[in-house]
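The data block below is model30.tsv; it holds TSV, C-alpha atoms.
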```tsv
chain	number	residue	atom	x	y	z
A	1	MET	CA	-20.27	4.58	-24.78
A	2	SER	CA	-21.43	6.43	-21.67
A	3	LYS	CA	-24.22	5.85	-19.17
A	4	LYS	CA	-25.65	8.01	-16.43
A	5	VAL	CA	-26.97	6.78	-13.10
A	6	ASP	CA	-28.87	9.13	-10.80
A	7	ILE	CA	-29.22	7.99	-7.19
A	8	ILE	CA	-31.96	9.84	-5.33
A	9	GLY	CA	-31.00	10.06	-1.67
A	10	GLY	CA	-27.68	10.77	-0.02
A	11	GLY	CA	-28.15	8.53	3.00
A	12	VAL	CA	-26.05	5.49	3.73
A	13	ILE	CA	-27.86	3.42	1.06
A	14	GLY	CA	-27.25	5.95	-1.71
A	15	LEU	CA	-23.66	6.63	-0.71
A	16	VAL	CA	-22.62	2.99	-0.41
A	17	LEU	CA	-24.33	2.16	-3.71
A	18	GLY	CA	-22.56	5.07	-5.42
A	19	LEU	CA	-19.21	3.85	-4.12
A	20	SER	CA	-19.90	0.21	-5.03
A	21	LEU	CA	-21.00	1.13	-8.54
A	22	ALA	CA	-18.02	3.43	-9.12
A	23	ARG	CA	-15.54	0.78	-8.00
A	24	SER	CA	-17.18	-1.91	-10.14
A	25	THR	CA	-17.08	0.19	-13.32
A	26	VAL	CA	-13.60	1.71	-13.04
A	27	ASP	CA	-12.21	-0.61	-15.74
A	28	SER	CA	-15.42	-0.81	-17.76
A	29	GLU	CA	-15.50	0.02	-21.44
A	30	THR	CA	-18.57	2.09	-20.61
A	31	ASP	CA	-18.05	5.49	-19.05
A	32	TYR	CA	-20.42	5.69	-16.08
A	33	GLN	CA	-21.43	9.05	-14.66
A	34	ILE	CA	-22.82	8.53	-11.17
A	35	ASP	CA	-24.70	11.35	-9.42
A	36	ILE	CA	-26.12	11.25	-5.90
A	37	ILE	CA	-28.91	13.81	-5.50
A	38	GLU	CA	-29.74	14.78	-1.89
A	39	LYS	CA	-32.40	17.32	-1.00
A	40	GLU	CA	-30.90	18.15	2.40
A	41	GLY	CA	-27.88	20.38	2.74
A	42	THR	CA	-25.71	17.49	3.88
A	43	VAL	CA	-25.53	13.73	3.28
A	44	GLY	CA	-26.36	11.10	5.84
A	45	SER	CA	-28.57	13.18	8.11
A	46	GLN	CA	-31.29	10.53	8.54
A	47	SER	CA	-28.78	7.69	8.46
A	48	SER	CA	-26.98	8.99	11.53
A	49	SER	CA	-29.63	10.79	13.57
A	50	VAL	CA	-31.01	7.78	15.44
A	51	ALA	CA	-28.71	4.99	14.26
A	52	GLY	CA	-27.77	2.78	17.18
A	53	TYR	CA	-24.40	2.22	15.51
A	54	GLY	CA	-25.04	-1.51	15.58
A	55	ILE	CA	-24.22	-4.05	12.88
A	56	ARG	CA	-25.81	-7.36	13.78
A	57	THR	CA	-26.26	-10.77	12.21
A	58	VAL	CA	-29.24	-11.96	14.25
A	59	TYR	CA	-32.06	-12.06	11.72
A	60	ARG	CA	-34.62	-14.69	10.78
A	61	HIS	CA	-35.01	-14.14	7.07
A	62	PRO	CA	-32.33	-15.47	4.68
A	63	ILE	CA	-32.32	-12.18	2.75
A	64	ASN	CA	-31.49	-10.18	5.86
A	65	LEU	CA	-28.85	-12.73	6.84
A	66	TYR	CA	-27.21	-12.28	3.43
A	67	LEU	CA	-27.33	-8.49	3.72
A	68	ALA	CA	-25.91	-8.64	7.25
A	69	GLN	CA	-22.97	-10.74	6.13
A	70	LYS	CA	-22.14	-8.24	3.38
A	71	GLY	CA	-22.47	-5.40	5.87
A	72	LEU	CA	-20.00	-6.86	8.32
A	73	GLN	CA	-17.49	-7.50	5.55
A	74	PHE	CA	-17.77	-3.96	4.20
A	75	TRP	CA	-17.70	-1.95	7.43
A	76	SER	CA	-14.89	-4.01	8.95
A	77	HIS	CA	-12.67	-3.25	5.93
A	78	LEU	CA	-13.75	0.34	5.24
A	79	GLY	CA	-10.79	1.92	7.00
A	80	GLU	CA	-8.90	2.09	10.24
A	81	PRO	CA	-11.09	1.71	13.35
A	82	SER	CA	-9.98	5.20	14.35
A	83	ASP	CA	-11.60	6.47	11.12
A	84	THR	CA	-14.96	4.71	11.55
A	85	GLY	CA	-15.28	3.65	15.18
A	86	PHE	CA	-15.79	0.03	14.08
A	87	ARG	CA	-15.55	-2.38	17.01
A	88	ARG	CA	-16.62	-6.00	17.28
A	89	ASN	CA	-18.22	-5.60	20.70
A	90	GLY	CA	-20.92	-8.12	19.93
A	91	TYR	CA	-24.66	-8.13	20.57
A	92	LEU	CA	-26.25	-9.52	23.71
A	93	PHE	CA	-30.00	-10.27	23.63
A	94	LEU	CA	-31.62	-10.82	27.04
A	95	THR	CA	-35.01	-12.11	28.20
A	96	ASN	CA	-36.82	-13.28	31.32
A	97	GLU	CA	-39.76	-14.71	29.36
A	98	THR	CA	-40.07	-18.48	28.91
A	99	GLU	CA	-41.37	-18.33	25.34
A	100	THR	CA	-38.74	-15.77	24.30
A	101	SER	CA	-36.08	-18.04	25.79
A	102	ARG	CA	-37.25	-20.75	23.40
A	103	THR	CA	-37.01	-18.24	20.57
A	104	LEU	CA	-33.40	-17.45	21.50
A	105	ARG	CA	-32.55	-21.16	21.40
A	106	ARG	CA	-34.01	-21.38	17.90
A	107	GLU	CA	-32.13	-18.26	16.85
A	108	GLN	CA	-28.85	-19.69	18.11
A	109	ASN	CA	-29.38	-22.74	15.88
A	110	ARG	CA	-30.25	-20.48	12.94
A	111	GLN	CA	-27.11	-18.41	13.45
A	112	VAL	CA	-24.81	-21.41	13.69
A	113	SER	CA	-26.40	-23.11	10.67
A	114	ASN	CA	-25.75	-19.96	8.63
A	115	GLY	CA	-22.10	-19.77	9.68
A	116	PHE	CA	-22.43	-17.09	12.38
A	117	PRO	CA	-21.12	-17.93	15.86
A	118	ALA	CA	-23.69	-17.54	18.64
A	119	GLU	CA	-23.54	-18.41	22.32
A	120	LEU	CA	-26.59	-19.21	24.46
A	121	ARG	CA	-26.54	-18.57	28.22
A	122	GLU	CA	-29.17	-19.87	30.67
A	123	PRO	CA	-29.11	-18.00	33.00
A	124	ALA	CA	-27.38	-15.05	31.36
A	125	GLU	CA	-24.79	-13.14	33.37
A	126	PRO	CA	-23.94	-10.01	31.33
A	127	THR	CA	-20.88	-9.36	33.50
A	128	GLU	CA	-19.30	-12.24	31.56
A	129	PHE	CA	-19.05	-9.84	28.61
A	130	THR	CA	-18.47	-6.47	30.26
A	131	THR	CA	-17.12	-4.84	33.39
A	132	GLU	CA	-20.45	-3.06	33.87
A	133	SER	CA	-22.93	-4.32	36.47
A	134	ILE	CA	-25.88	-5.60	34.42
A	135	ALA	CA	-28.84	-7.53	35.81
A	136	THR	CA	-29.01	-11.32	35.45
A	137	TYR	CA	-31.61	-12.71	33.04
A	138	ARG	CA	-33.23	-16.07	32.44
A	139	SER	CA	-31.66	-16.40	28.97
A	140	GLY	CA	-29.23	-14.58	26.77
A	141	LEU	CA	-27.95	-14.93	23.22
A	142	PHE	CA	-24.53	-13.47	22.49
A	143	SER	CA	-23.42	-12.78	18.92
A	144	PRO	CA	-19.65	-12.19	19.16
A	145	ILE	CA	-19.04	-11.04	15.58
A	146	SER	CA	-21.72	-8.35	15.60
A	147	ALA	CA	-20.26	-4.88	15.85
A	148	VAL	CA	-20.80	-1.24	16.72
A	149	SER	CA	-19.60	1.67	14.64
A	150	ASP	CA	-19.81	5.45	14.58
A	151	SER	CA	-22.29	6.04	11.77
A	152	THR	CA	-21.38	9.72	11.38
A	153	ARG	CA	-17.70	9.01	10.88
A	154	SER	CA	-18.39	5.94	8.75
A	155	ILE	CA	-20.70	7.88	6.45
A	156	GLU	CA	-18.14	10.66	6.15
A	157	LYS	CA	-15.54	8.07	5.16
A	158	VAL	CA	-17.85	6.70	2.45
A	159	ARG	CA	-18.56	10.23	1.22
A	160	GLN	CA	-14.84	10.90	0.86
A	161	LEU	CA	-14.31	7.63	-0.99
A	162	CYS	CA	-17.22	8.41	-3.32
A	163	GLU	CA	-15.67	11.73	-4.27
A	164	SER	CA	-12.26	10.14	-4.78
A	165	GLU	CA	-13.90	7.64	-7.19
A	166	GLY	CA	-15.49	10.45	-9.20
A	167	VAL	CA	-19.05	10.17	-7.84
A	168	SER	CA	-20.82	13.54	-7.97
A	169	ILE	CA	-22.69	14.40	-4.74
A	170	ARG	CA	-25.28	17.12	-5.22
A	171	THR	CA	-26.75	18.41	-1.94
A	172	GLY	CA	-29.55	20.91	-1.45
A	173	GLU	CA	-31.27	19.64	-4.62
A	174	GLU	CA	-34.66	17.96	-4.58
A	175	VAL	CA	-36.09	15.71	-7.28
A	176	VAL	CA	-39.55	17.05	-8.12
A	177	ALA	CA	-40.51	15.03	-11.22
A	178	LEU	CA	-39.59	11.73	-12.87
A	179	ALA	CA	-40.63	10.20	-16.17
A	180	ASP	CA	-39.54	6.83	-17.51
A	181	GLU	CA	-39.36	7.47	-21.26
A	182	GLY	CA	-38.47	3.92	-22.27
A	183	THR	CA	-34.79	4.11	-23.06
A	184	ARG	CA	-34.00	6.72	-20.40
A	185	CYS	CA	-35.55	8.57	-17.47
A	186	ARG	CA	-36.16	12.30	-17.36
A	187	VAL	CA	-35.19	13.72	-13.99
A	188	GLU	CA	-36.41	17.16	-12.93
A	189	THR	CA	-34.89	18.73	-9.82
A	190	THR	CA	-35.14	22.11	-8.17
A	191	GLN	CA	-31.93	23.02	-10.00
A	192	SER	CA	-31.79	21.04	-13.25
A	193	SER	CA	-33.51	18.99	-15.93
A	194	GLU	CA	-31.60	15.95	-17.20
A	195	HIS	CA	-31.81	12.39	-18.45
A	196	ALA	CA	-30.41	9.27	-16.80
A	197	ASP	CA	-30.14	5.71	-18.06
A	198	THR	CA	-30.97	4.40	-14.59
A	199	VAL	CA	-32.55	6.11	-11.59
A	200	VAL	CA	-32.24	4.59	-8.12
A	201	ASN	CA	-34.81	5.52	-5.50
A	202	ALA	CA	-32.79	5.36	-2.27
A	203	SER	CA	-34.69	8.13	-0.54
A	204	GLY	CA	-35.47	6.42	2.75
A	205	VAL	CA	-38.58	7.79	4.48
A	206	TRP	CA	-39.47	9.61	1.24
A	207	ALA	CA	-39.20	6.47	-0.92
A	208	ASP	CA	-42.94	6.14	-1.52
A	209	GLU	CA	-43.23	9.84	-2.41
A	210	VAL	CA	-40.49	9.40	-5.01
A	211	ALA	CA	-42.13	6.22	-6.33
A	212	GLN	CA	-45.40	8.11	-6.77
A	213	LEU	CA	-43.65	10.53	-9.14
A	214	ILE	CA	-43.72	7.71	-11.71
A	215	GLY	CA	-47.14	6.38	-10.68
A	216	GLU	CA	-45.87	3.59	-8.43
A	217	THR	CA	-45.99	2.82	-4.73
A	218	VAL	CA	-43.68	0.92	-2.40
A	219	PRO	CA	-44.96	-0.68	0.84
A	220	VAL	CA	-43.03	1.41	3.34
A	221	GLU	CA	-44.16	3.51	6.28
A	222	PRO	CA	-42.11	5.83	8.49
A	223	SER	CA	-41.90	4.97	12.19
A	224	GLU	CA	-40.57	7.60	14.58
A	225	ARG	CA	-37.65	6.45	16.71
A	226	LYS	CA	-35.49	8.07	19.35
A	227	LEU	CA	-31.94	7.63	20.62
A	228	ALA	CA	-30.76	9.14	23.91
A	229	VAL	CA	-27.33	10.32	25.01
A	230	LEU	CA	-26.76	9.98	28.76
A	231	ASP	CA	-24.25	11.47	31.17
A	232	ARG	CA	-22.54	8.14	31.77
A	233	THR	CA	-19.37	6.67	30.38
A	234	VAL	CA	-19.23	2.90	30.15
A	235	ASP	CA	-16.88	0.05	29.36
A	236	PRO	CA	-15.82	0.62	25.71
A	237	ASP	CA	-15.95	-3.15	25.15
A	238	MET	CA	-19.52	-3.50	26.40
A	239	PRO	CA	-21.67	-5.24	23.78
A	240	LEU	CA	-24.82	-3.70	22.42
A	241	ILE	CA	-27.34	-5.02	24.96
A	242	VAL	CA	-31.02	-5.55	24.15
A	243	ASP	CA	-33.73	-6.37	26.68
A	244	ILE	CA	-36.18	-8.07	24.32
A	245	ASP	CA	-38.99	-7.99	26.89
A	246	THR	CA	-39.09	-4.19	27.25
A	247	GLY	CA	-37.45	-3.06	24.00
A	248	PHE	CA	-34.67	-1.22	25.85
A	249	TYR	CA	-31.18	-1.27	24.36
A	250	MET	CA	-27.88	0.40	25.18
A	251	LEU	CA	-24.35	0.57	23.81
A	252	PRO	CA	-21.11	2.53	24.18
A	253	GLY	CA	-20.60	5.43	21.79
A	254	HIS	CA	-17.24	6.10	20.15
A	255	ASP	CA	-16.22	8.29	23.13
A	256	ASN	CA	-17.55	5.63	25.56
A	257	THR	CA	-20.60	7.76	26.31
A	258	LEU	CA	-23.68	5.66	26.98
A	259	TYR	CA	-26.29	5.66	24.21
A	260	ALA	CA	-29.68	4.11	24.87
A	261	GLY	CA	-33.04	3.76	23.21
A	262	GLY	CA	-36.06	1.57	22.71
A	263	ASP	CA	-39.45	1.24	21.09
A	264	PHE	CA	-41.34	0.86	24.34
A	265	ASP	CA	-44.71	-0.84	24.64
A	266	HIS	CA	-46.53	1.05	27.37
A	267	GLY	CA	-50.00	2.20	28.36
A	268	GLY	CA	-49.18	5.70	29.55
A	269	ALA	CA	-49.16	7.62	26.31
A	270	ASP	CA	-48.45	10.85	28.18
A	271	GLU	CA	-45.32	9.49	29.81
A	272	SER	CA	-42.23	11.13	28.36
A	273	TYR	CA	-39.63	9.20	26.43
A	274	ARG	CA	-36.97	10.18	28.97
A	275	SER	CA	-39.05	8.72	31.80
A	276	LEU	CA	-39.77	5.53	29.90
A	277	LEU	CA	-36.11	5.13	29.02
A	278	LYS	CA	-35.01	5.45	32.62
A	279	ARG	CA	-37.86	3.30	33.96
A	280	TYR	CA	-37.21	0.38	31.64
A	281	GLY	CA	-33.47	0.91	31.39
A	282	SER	CA	-32.82	0.90	35.13
A	283	GLU	CA	-34.28	-2.62	35.28
A	284	THR	CA	-31.33	-3.70	33.16
A	285	TYR	CA	-28.65	-1.26	34.27
A	286	ASP	CA	-29.15	0.38	37.67
A	287	ARG	CA	-26.79	3.27	36.88
A	288	LEU	CA	-29.58	4.65	34.70
A	289	SER	CA	-31.83	5.31	37.68
A	290	ASP	CA	-30.01	8.54	38.57
A	291	ALA	CA	-28.54	9.30	35.13
A	292	THR	CA	-29.33	12.48	33.21
A	293	VAL	CA	-30.56	12.26	29.65
A	294	GLU	CA	-28.45	14.95	27.99
A	295	ALA	CA	-30.03	14.75	24.55
A	296	VAL	CA	-32.69	12.84	22.64
A	297	ARG	CA	-32.31	12.47	18.90
A	298	THR	CA	-35.44	11.90	16.83
A	299	GLY	CA	-35.56	10.32	13.40
A	300	TYR	CA	-37.46	7.73	11.38
A	301	TYR	CA	-37.15	4.10	10.44
A	302	THR	CA	-38.75	3.23	7.11
A	303	MET	CA	-40.63	0.04	7.82
A	304	THR	CA	-41.92	-2.73	5.58
A	305	PRO	CA	-44.59	-5.16	6.86
A	306	SER	CA	-42.10	-8.06	6.75
A	307	LYS	CA	-39.08	-6.08	8.03
A	308	VAL	CA	-37.31	-7.21	4.84
A	309	PRO	CA	-36.32	-4.44	2.37
A	310	VAL	CA	-37.59	-3.84	-1.14
A	311	ILE	CA	-35.02	-3.88	-3.96
A	312	GLU	CA	-37.02	-3.85	-7.15
A	313	GLN	CA	-36.52	-2.70	-10.73
A	314	THR	CA	-39.38	-1.44	-12.87
A	315	GLY	CA	-38.26	-0.15	-16.23
A	316	ASN	CA	-35.30	2.17	-15.71
A	317	VAL	CA	-36.05	2.83	-12.02
A	318	ILE	CA	-34.75	0.73	-9.12
A	319	HIS	CA	-36.36	1.11	-5.69
A	320	VAL	CA	-33.98	0.37	-2.80
A	321	CYS	CA	-35.88	1.08	0.40
A	322	GLY	CA	-37.65	-0.18	3.50
A	323	PHE	CA	-34.72	-1.24	5.66
A	324	SER	CA	-36.73	-0.91	8.87
A	325	GLY	CA	-33.96	0.89	10.73
A	326	HIS	CA	-31.27	-1.49	9.49
A	327	GLY	CA	-30.02	0.55	6.56
A	328	PHE	CA	-26.60	1.12	8.07
A	329	MET	CA	-26.16	-2.62	8.60
A	330	GLN	CA	-27.60	-3.66	5.26
A	331	ALA	CA	-26.42	-0.92	2.89
A	332	PRO	CA	-23.41	-2.85	1.51
A	333	GLY	CA	-25.50	-5.93	0.73
A	334	ALA	CA	-28.27	-3.84	-0.79
A	335	ALA	CA	-25.69	-2.04	-2.91
A	336	THR	CA	-24.44	-5.38	-4.22
A	337	VAL	CA	-27.95	-6.41	-5.26
A	338	ALA	CA	-28.81	-3.04	-6.87
A	339	ARG	CA	-25.45	-2.80	-8.61
A	340	ARG	CA	-25.99	-6.17	-10.26
A	341	MET	CA	-29.34	-4.97	-11.55
A	342	ILE	CA	-27.57	-2.03	-13.20
A	343	LEU	CA	-24.59	-3.91	-14.64
A	344	SER	CA	-25.60	-6.51	-17.21
A	345	ASN	CA	-22.47	-8.61	-16.74
A	346	GLU	CA	-23.23	-9.47	-13.10
A	347	ARG	CA	-25.81	-11.86	-11.66
A	348	ASN	CA	-27.73	-11.74	-8.39
A	349	ILE	CA	-27.90	-14.78	-6.13
A	350	ILE	CA	-31.15	-13.58	-4.54
A	351	LYS	CA	-34.31	-14.20	-6.52
A	352	GLU	CA	-35.77	-10.88	-7.61
A	353	GLU	CA	-39.32	-11.88	-6.65
A	354	LEU	CA	-38.25	-12.16	-2.99
A	355	LEU	CA	-37.26	-8.49	-3.03
A	356	SER	CA	-40.26	-7.16	-4.95
A	357	SER	CA	-42.87	-4.83	-3.49
A	358	ASN	CA	-45.78	-7.23	-4.11
A	359	ARG	CA	-44.14	-10.36	-2.67
A	360	GLU	CA	-45.73	-12.54	-0.02
A	361	LEU	CA	-43.11	-13.55	2.54
A	362	SER	CA	-44.09	-16.24	5.02
A	363	LEU	CA	-41.48	-15.09	7.53
A	364	THR	CA	-41.49	-11.71	9.29
A	365	ASP	CA	-38.14	-10.67	10.67
A	366	ILE	CA	-37.13	-9.48	14.13
A	367	GLN	CA	-37.28	-5.77	14.85
A	368	PHE	CA	-35.28	-4.24	17.72
```
Whole structure given in structure tokens:
Amino acid sequence: MSKKVDIIGGGVIGLVLGLSLARSTVDSETDYQIDIIEKEGTVGSQSSSVAGYGIRTVYRHPINLYLAQKGLQFWSHLGEPSDTGFRRNGYLFLTNETETSRTLRREQNRQVSNGFPAELREPAEPTEFTTESIATYRSGLFSPISAVSDSTRSIEKVRQLCESEGVSIRTGEEVVALADEGTRCRVETTQSSEHADTVVNASGVWADEVAQLIGETVPVEPSERKLAVLDRTVDPDMPLIVDIDTGFYMLPGHDNTLYAGGDFDHGGADESYRSLLKRYGSETYDRLSDATVEAVRTGYYTMTPSKVPVIEQTGNVIHVCGFSGHGFMQAPGAATVARRMILSNERNIIKEELLSSNRELSLTDIQF
């Protein structure tokens, strides 16, 4: 017996799912043909354009905590650090606000109760964790097992592993029509017409457009984000540092170049991103005051109202979307959930209704 799975979207979600599915079915009595269909000319373009290369565990919602745990396990074992840039530099969250300090105390308890180490500092002296001169804050939460990675190199590694496992990656091909015919799905692309037993919608910012091809919607909206490359090299062991009050964050790239970004809350709509970055960033790290922003990358996060992704099966179509900028971190966990929906001999530990598009979650997660 043979089965065909078409994965729409060659970002990190689609690639990791393709690899996970191929590895899980290698000894199966069923012959699985797995195709990843990507409309761009290359895979991973959105996954790497504004990814902050961070893999964190600090979440509020149990689903995101589960996905984060799977992500750390996967990326830390993907290959040699020289292949992927994986480094456990940790995450350091900083605040000068009294109420946010209380939040960090609660988050430390949540982390520890879920088996993730977390250290609270009051006051927080970032120089404890890096040789860089970082401003002192009222409070800080340090997550030592959180990591940074080079998303471009990591995605390339996954792509290579997919091909070695027999996954077909079809780039420059757009899905233009879908029809769930009961036992199978008809998939029309710009280059072919075919049938698949299961179709996975892992198309990121285009997820709702793909869902509409079969008369459905998913509650996701694109949010433009930027990531800057600056003319500064920094301590390669510096953690990913987040000023929660301003939204500014920074981290060392794989070549120790400083990367920085933020979703800044400001009144001057005409103020440029570069100016905002330097204005808020220099409050944390004074070397930014005279730094040059060499490049600004623009991309999109696909947001859900709860900041918890949707992983939902309707008929022969599975929607895997809405990772709110955390797709790189959460792809391995999402792949585990989606794979178990496809393979009848595996069970999910997460209740499907908690991942559905029409759920009502009482807890909204943290977005940085």
**Request:** Using only C-alpha atoms, determine which residues lie at most 8 Å from segment 158-162 of chain A, disregarding the query and same-chain residues fewer than 4 positions distant; provide the list as a PyMOL selection string.
**Result:** chain A and resi 15-16+18-19+22+154+166-168
Using all atoms listed in the file - which residues lie no farther than 12 Å from the point (-35.7, -6.1, -10.9) in the file's frame? Write them as a short mmCIF file (atom, residue, chain, number, x, y, z; two decimals) with C-alpha atoms, in the coordinates of the input.
```cif
data_model
loop_
_atom_site.label_atom_id
_atom_site.label_comp_id
_atom_site.auth_asym_id
_atom_site.auth_seq_id
_atom_site.Cartn_x
_atom_site.Cartn_y
_atom_site.Cartn_z
CA VAL A 200 -32.24 4.59 -8.12
CA VAL A 310 -37.59 -3.84 -1.14
CA ILE A 311 -35.02 -3.88 -3.96
CA GLU A 312 -37.02 -3.85 -7.15
CA GLN A 313 -36.52 -2.70 -10.73
CA THR A 314 -39.38 -1.44 -12.87
CA GLY A 315 -38.26 -0.15 -16.23
CA ASN A 316 -35.30 2.17 -15.71
CA VAL A 317 -36.05 2.83 -12.02
CA ILE A 318 -34.75 0.73 -9.12
CA HIS A 319 -36.36 1.11 -5.69
CA VAL A 320 -33.98 0.37 -2.80
CA VAL A 337 -27.95 -6.41 -5.26
CA ALA A 338 -28.81 -3.04 -6.87
CA ARG A 339 -25.45 -2.80 -8.61
CA ARG A 340 -25.99 -6.17 -10.26
CA MET A 341 -29.34 -4.97 -11.55
CA ILE A 342 -27.57 -2.03 -13.20
CA LEU A 343 -24.59 -3.91 -14.64
CA SER A 344 -25.60 -6.51 -17.21
CA ARG A 347 -25.81 -11.86 -11.66
CA ASN A 348 -27.73 -11.74 -8.39
CA ILE A 350 -31.15 -13.58 -4.54
CA LYS A 351 -34.31 -14.20 -6.52
CA GLU A 352 -35.77 -10.88 -7.61
CA GLU A 353 -39.32 -11.88 -6.65
CA LEU A 354 -38.25 -12.16 -2.99
CA LEU A 355 -37.26 -8.49 -3.03
CA SER A 356 -40.26 -7.16 -4.95
CA SER A 357 -42.87 -4.83 -3.49
#
```
Padding 5 Å on each side, edges along x, y and z: where is the centre of the box around the listed atoms of segment 233-246 of chain A, and how long are its edges in Å to one decimal? Output it as JSON.
```
{"center_x": -27.5, "center_y": -0.7, "center_z": 26.4, "size_x": 33.3, "size_y": 24.7, "size_z": 18.0}
```
**atom CA of Leu251 of chain A to atom CA of Glu128 of chain A, straight-line distance in Å** =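 Between atom CA of Glu128 of chain A and atom CA of Leu251 of chain A the gap is 15.8 Å.
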**Item:** Residue nearest Arg88 of chain A - candidates A:Trp75, A:Trp206, A:Tyr59, A:Phe323, atoms counted: all atoms listed in the file
**Value:**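 For Arg88 of chain A, the nearest of the given residues is A:Trp75.
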**Request:** Quick one: everything within 10 Å of Ser275 of chain A, counting all atoms listed in the file, minus sequence neighbours fewer than 5 positions away in the same chain. Send it as a VMD selection string.
**Result:** chain A and resid 280 to 281 289 293
